[in-house]
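Quick look at upload_19.pdb (PDB, C-alpha atoms):
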```pdb
ATOM      1  CA  LYS A   1     134.968 190.183 109.698
ATOM      2  CA  ARG A   2     134.005 189.113 106.358
ATOM      3  CA  TYR A   3     130.674 189.735 104.830
ATOM      4  CA  ASN A   4     128.937 187.509 102.350
ATOM      5  CA  TYR A   5     126.750 189.239  99.970
ATOM      6  CA  THR A   6     124.150 187.469  97.988
ATOM      7  CA  THR A   7     123.539 188.503  94.494
ATOM      8  CA  PRO A   8     120.356 187.715  92.666
ATOM      9  CA  LYS A   9     122.180 185.272  90.422
ATOM     10  CA  SER A  10     123.775 183.383  93.323
ATOM     11  CA  PHE A  11     120.401 183.397  95.106
ATOM     12  CA  LEU A  12     118.754 181.838  92.031
ATOM     13  CA  GLU A  13     121.549 179.283  91.848
ATOM     14  CA  LEU A  14     121.024 178.486  95.508
ATOM     15  CA  ILE A  15     117.286 178.030  94.916
ATOM     16  CA  ASP A  16     118.013 175.850  91.839
ATOM     17  CA  PHE A  17     120.474 173.792  93.924
ATOM     18  CA  TYR A  18     117.854 173.314  96.647
ATOM     19  CA  LYS A  19     115.277 172.301  94.025
ATOM     20  CA  LYS A  20     117.646 169.690  92.600
ATOM     21  CA  LEU A  21     118.527 168.458  96.072
ATOM     22  CA  PHE A  22     114.828 168.361  97.026
ATOM     23  CA  LYS A  23     113.987 166.455  93.805
ATOM     24  CA  LYS A  24     116.835 164.014  94.381
ATOM     25  CA  GLN A  25     115.838 163.390  97.997
ATOM     26  CA  SER A  26     112.162 163.210  97.041
ATOM     27  CA  ASP A  27     112.903 160.629  94.311
ATOM     28  CA  HIS A  28     115.050 158.652  96.718
ATOM     29  CA  LEU A  29     112.256 158.676  99.326
ATOM     30  CA  TYR A  30     109.695 157.683  96.690
ATOM     31  CA  GLU A  31     111.877 154.722  95.663
ATOM     32  CA  GLN A  32     112.214 153.744  99.325
ATOM     33  CA  ILE A  33     108.445 154.017  99.783
ATOM     34  CA  GLN A  34     107.850 151.881  96.678
ATOM     35  CA  ARG A  35     110.368 149.276  97.866
ATOM     36  CA  LEU A  36     108.790 149.152 101.317
ATOM     37  CA  ASP A  37     105.256 148.959  99.859
ATOM     38  CA  LYS A  38     106.371 146.065  97.681
ATOM     39  CA  GLY A  39     107.942 144.393 100.735
ATOM     40  CA  ILE A  40     104.779 144.916 102.785
ATOM     41  CA  ALA A  41     102.643 143.484  99.949
ATOM     42  CA  THR A  42     104.950 140.455  99.784
ATOM     43  CA  LEU A  43     104.733 140.008 103.543
ATOM     44  CA  VAL A  44     100.921 140.226 103.445
ATOM     45  CA  LYS A  45     100.789 137.699 100.588
ATOM     46  CA  THR A  46     103.192 135.425 102.444
ATOM     47  CA  ALA A  47     101.099 135.722 105.605
ATOM     48  CA  LYS A  48      97.990 134.693 103.639
ATOM     49  CA  ASP A  49      99.878 131.780 102.081
ATOM     50  CA  VAL A  50     101.165 130.713 105.494
ATOM     51  CA  SER A  51      97.668 130.864 107.001
ATOM     52  CA  SER A  52      96.222 128.782 104.146
ATOM     53  CA  LEU A  53      99.100 126.322 104.511
ATOM     54  CA  LYS A  54      98.411 126.141 108.250
ATOM     55  CA  GLU A  55      94.757 125.347 107.532
ATOM     56  CA  ASP A  56      95.800 122.669 105.028
ATOM     57  CA  LEU A  57      98.261 121.286 107.558
ATOM     58  CA  ILE A  58      95.556 121.109 110.227
ATOM     59  CA  LYS A  59      93.243 119.270 107.823
ATOM     60  CA  LYS A  60      96.002 116.884 106.790
ATOM     61  CA  LEU A  61      96.951 116.266 110.409
ATOM     62  CA  GLU A  62      93.322 115.345 111.117
ATOM     63  CA  ILE A  63      93.336 112.977 108.143
ATOM     64  CA  VAL A  64      96.639 111.491 109.302
ATOM     65  CA  GLU A  65      95.233 110.991 112.786
ATOM     66  CA  GLU A  66      92.148 109.244 111.361
ATOM     67  CA  LYS A  67      94.335 107.012 109.212
ATOM     68  CA  LYS A  68      96.561 106.317 112.198
ATOM     69  CA  VAL A  69      93.536 105.213 114.229
ATOM     70  CA  ALA A  70      92.326 103.079 111.302
ATOM     71  CA  ALA A  71      95.801 101.552 110.952
ATOM     72  CA  ASN A  72      95.889 100.734 114.664
ATOM     73  CA  ILE A  73      92.478  99.056 114.393
ATOM     74  CA  LEU A  74      93.695  97.127 111.359
ATOM     75  CA  ILE A  75      96.831  96.066 113.234
ATOM     76  CA  GLU A  76      94.677  94.802 116.104
ATOM     77  CA  GLN A  77      92.459  92.880 113.675
ATOM     78  CA  CYS A  78      95.524  91.405 112.007
ATOM     79  CA  GLY A  79      96.790  90.301 115.414
ATOM     80  CA  LYS A  80      93.468  88.597 116.178
ATOM     81  CA  GLU A  81      93.407  86.996 112.727
ATOM     82  CA  ARG A  82      96.993  85.817 113.226
ATOM     83  CA  VAL A  83      95.957  84.068 116.437
ATOM     84  CA  LYS A  84      93.104  82.359 114.573
ATOM     85  CA  VAL A  85      95.402  81.425 111.704
ATOM     86  CA  ASP A  86      97.977  79.997 114.124
ATOM     87  CA  ALA A  87      95.264  77.896 115.790
ATOM     88  CA  GLU A  88      94.003  76.668 112.410
ATOM     89  CA  LYS A  89      97.584  75.979 111.354
ATOM     90  CA  ALA A  90      98.090  73.822 114.454
ATOM     91  CA  VAL A  91      94.887  71.903 113.630
ATOM     92  CA  ALA A  92      96.056  71.540 110.043
ATOM     93  CA  MET A  93      99.407  70.182 111.197
ATOM     94  CA  GLU A  94      97.609  67.598 113.358
ATOM     95  CA  GLU A  95      95.441  66.639 110.396
ATOM     96  CA  LYS A  96      98.553  66.404 108.235
ATOM     97  CA  GLN A  97     100.177  64.043 110.725
ATOM     98  CA  LYS A  98      97.027  61.912 110.817
ATOM     99  CA  ALA A  99      96.910  61.899 107.019
ATOM    100  CA  GLU A 100     100.557  60.840 106.863
ATOM    101  CA  VAL A 101      99.812  57.920 109.186
ATOM    102  CA  VAL A 102      96.879  56.887 106.976
ATOM    103  CA  LEU A 103      99.043  57.350 103.874
ATOM    104  CA  ASN A 104     101.751  55.153 105.367
ATOM    105  CA  ARG A 105      99.163  52.451 106.135
ATOM    106  CA  ALA A 106      97.743  52.725 102.622
ATOM    107  CA  ASN A 107     101.235  52.461 101.117
ATOM    108  CA  ALA A 108     101.933  49.390 103.247
ATOM    109  CA  ILE A 109      98.669  47.779 102.087
ATOM    110  CA  LYS A 110      99.479  48.743  98.514
ATOM    111  CA  ALA A 111     102.911  47.145  98.821
ATOM    112  CA  GLU A 112     101.365  43.945 100.213
ATOM    113  CA  CYS A 113      98.783  43.890  97.432
ATOM    114  CA  GLN A 114     101.448  44.487  94.800
ATOM    115  CA  GLU A 115     103.512  41.634  96.253
ATOM    116  CA  THR A 116     100.500  39.319  96.214
ATOM    117  CA  LEU A 117      99.648  40.433  92.684
ATOM    118  CA  ASP A 118     103.213  39.809  91.538
ATOM    119  CA  LYS A 119     102.962  36.290  92.951
ATOM    120  CA  ALA A 120      99.535  35.673  91.350
ATOM    121  CA  MET A 121     100.356  37.076  87.897
ATOM    122  CA  PRO A 122     102.344  34.047  86.690
ATOM    123  CA  ALA A 123      99.485  31.754  87.720
ATOM    124  CA  LEU A 124      96.993  34.037  85.940
ATOM    125  CA  GLU A 125      99.104  34.051  82.792
ATOM    126  CA  ALA A 126      99.366  30.256  82.921
ATOM    127  CA  ALA A 127      95.589  30.001  83.355
ATOM    128  CA  LYS A 128      95.036  32.320  80.372
ATOM    129  CA  ASN A 129      97.343  30.218  78.254
ATOM    130  CA  ALA A 130      95.482  27.102  79.396
ATOM    131  CA  VAL A 131      92.151  28.672  78.411
ATOM    132  CA  GLU A 132      93.573  29.574  75.019
ATOM    133  CA  CYS A 133      94.310  25.945  74.317
ATOM    134  CA  LEU A 134      90.628  24.929  74.734
ATOM    135  CA  THR A 135      89.062  23.819  71.502
ATOM    136  CA  LYS A 136      85.522  23.588  70.316
ATOM    137  CA  ASN A 137      85.601  19.776  70.518
ATOM    138  CA  ALA A 138      86.594  19.896  74.207
ATOM    139  CA  LEU A 139      83.672  22.194  74.987
ATOM    140  CA  THR A 140      81.262  19.960  73.063
ATOM    141  CA  GLU A 141      82.500  16.956  75.070
ATOM    142  CA  LEU A 142      81.911  18.905  78.289
ATOM    143  CA  LYS A 143      78.337  19.700  77.233
ATOM    144  CA  ALA A 144      77.704  16.044  76.553
ATOM    145  CA  LEU A 145      78.221  15.182  80.242
ATOM    146  CA  LYS A 146      74.898  15.013  82.049
ATOM    147  CA  THR A 147      76.270  15.405  85.583
ATOM    148  CA  PRO A 148      79.913  16.397  85.550
ATOM    149  CA  ASP A 149      82.171  15.746  88.496
ATOM    150  CA  ALA A 150      82.615  18.548  91.146
ATOM    151  CA  LYS A 151      86.212  19.080  90.109
ATOM    152  CA  ILE A 152      85.152  19.658  86.510
ATOM    153  CA  LEU A 153      82.528  22.187  87.650
ATOM    154  CA  ASP A 154      85.152  24.101  89.646
ATOM    155  CA  VAL A 155      87.450  24.254  86.647
ATOM    156  CA  THR A 156      84.673  25.481  84.319
ATOM    157  CA  LYS A 157      83.693  28.180  86.802
ATOM    158  CA  ALA A 158      87.328  29.350  86.925
ATOM    159  CA  VAL A 159      87.471  29.398  83.113
ATOM    160  CA  LEU A 160      84.285  31.493  83.002
ATOM    161  CA  ILE A 161      85.790  33.971  85.442
ATOM    162  CA  LEU A 162      88.917  34.222  83.317
ATOM    163  CA  LYS A 163      86.901  34.676  80.121
ATOM    164  CA  GLU A 164      85.002  37.577  81.624
TER     165      GLU A 164
END
```

Can I see the file as structure tokens?
Amino acid sequence: KRYNYTTPKSFLELIDFYKKLFKKQSDHLYEQIQRLDKGIATLVKTAKDVSSLKEDLIKKLEIVEEKKVAANILIEQCGKERVKVDAEKAVAMEEKQKAEVVLNRANAIKAECQETLDKAMPALEAAKNAVECLTKNALTELKALKTPDAKILDVTKAVLILKE
């Protein structure tokens, strides 16, 4: 058998070695504790953030639900209004057809009137030219007649109409 003897110097070295080992392990544990504390703090902060985000989400979901209900009501109103608009559009189309019939009649009357006017214009121009050739002496002679003939009266009335 072999015996190990411990000298005071080797004992002090052993104690110094254990001190260094203890310090190293203690520092390592302290770093681990710090890292875990930091992780726990981050988790707590994240949990708070998540809970506040959940609350915000709940509020926003309520708002979305309200807006969804309002949108559905608006869609229903739009549907009702569309029915009214379609009915009014049908009435408007009927009125348009009636107005087109009246317009066609008015255009036909206008065409007839224009045709009659085109026929009457040469006669009117001839009558104007005839009135232009009247002289003062002819009018004086007409005034001198006490009771002019009916034909002469008709002609003078026509001349008066043309002069106006």

Distance query segment 153-162 of chain A at most 7 Å, only C-alpha atoms, self and fewer than 4 positions along chain excluded, as a VMD selection string: chain A and resid 131 148 to 149

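Here atom CA of Lys128 of chain A and atom CA of Leu145 of chain A stand 24.0 Å from one another.
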
Coordinates-based distance that separates atom CA of Arg2 of chain A from atom CA of Lys20 of chain A (Å, one decimal):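 So the two atoms, atom CA of Lys20 of chain A and atom CA of Arg2 of chain A, lie 28.9 Å apart.
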
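The interatomic distance for the pair atom CA of Val64 of chain A and atom CA of Glu76 of chain A works out to 18.1 Å.
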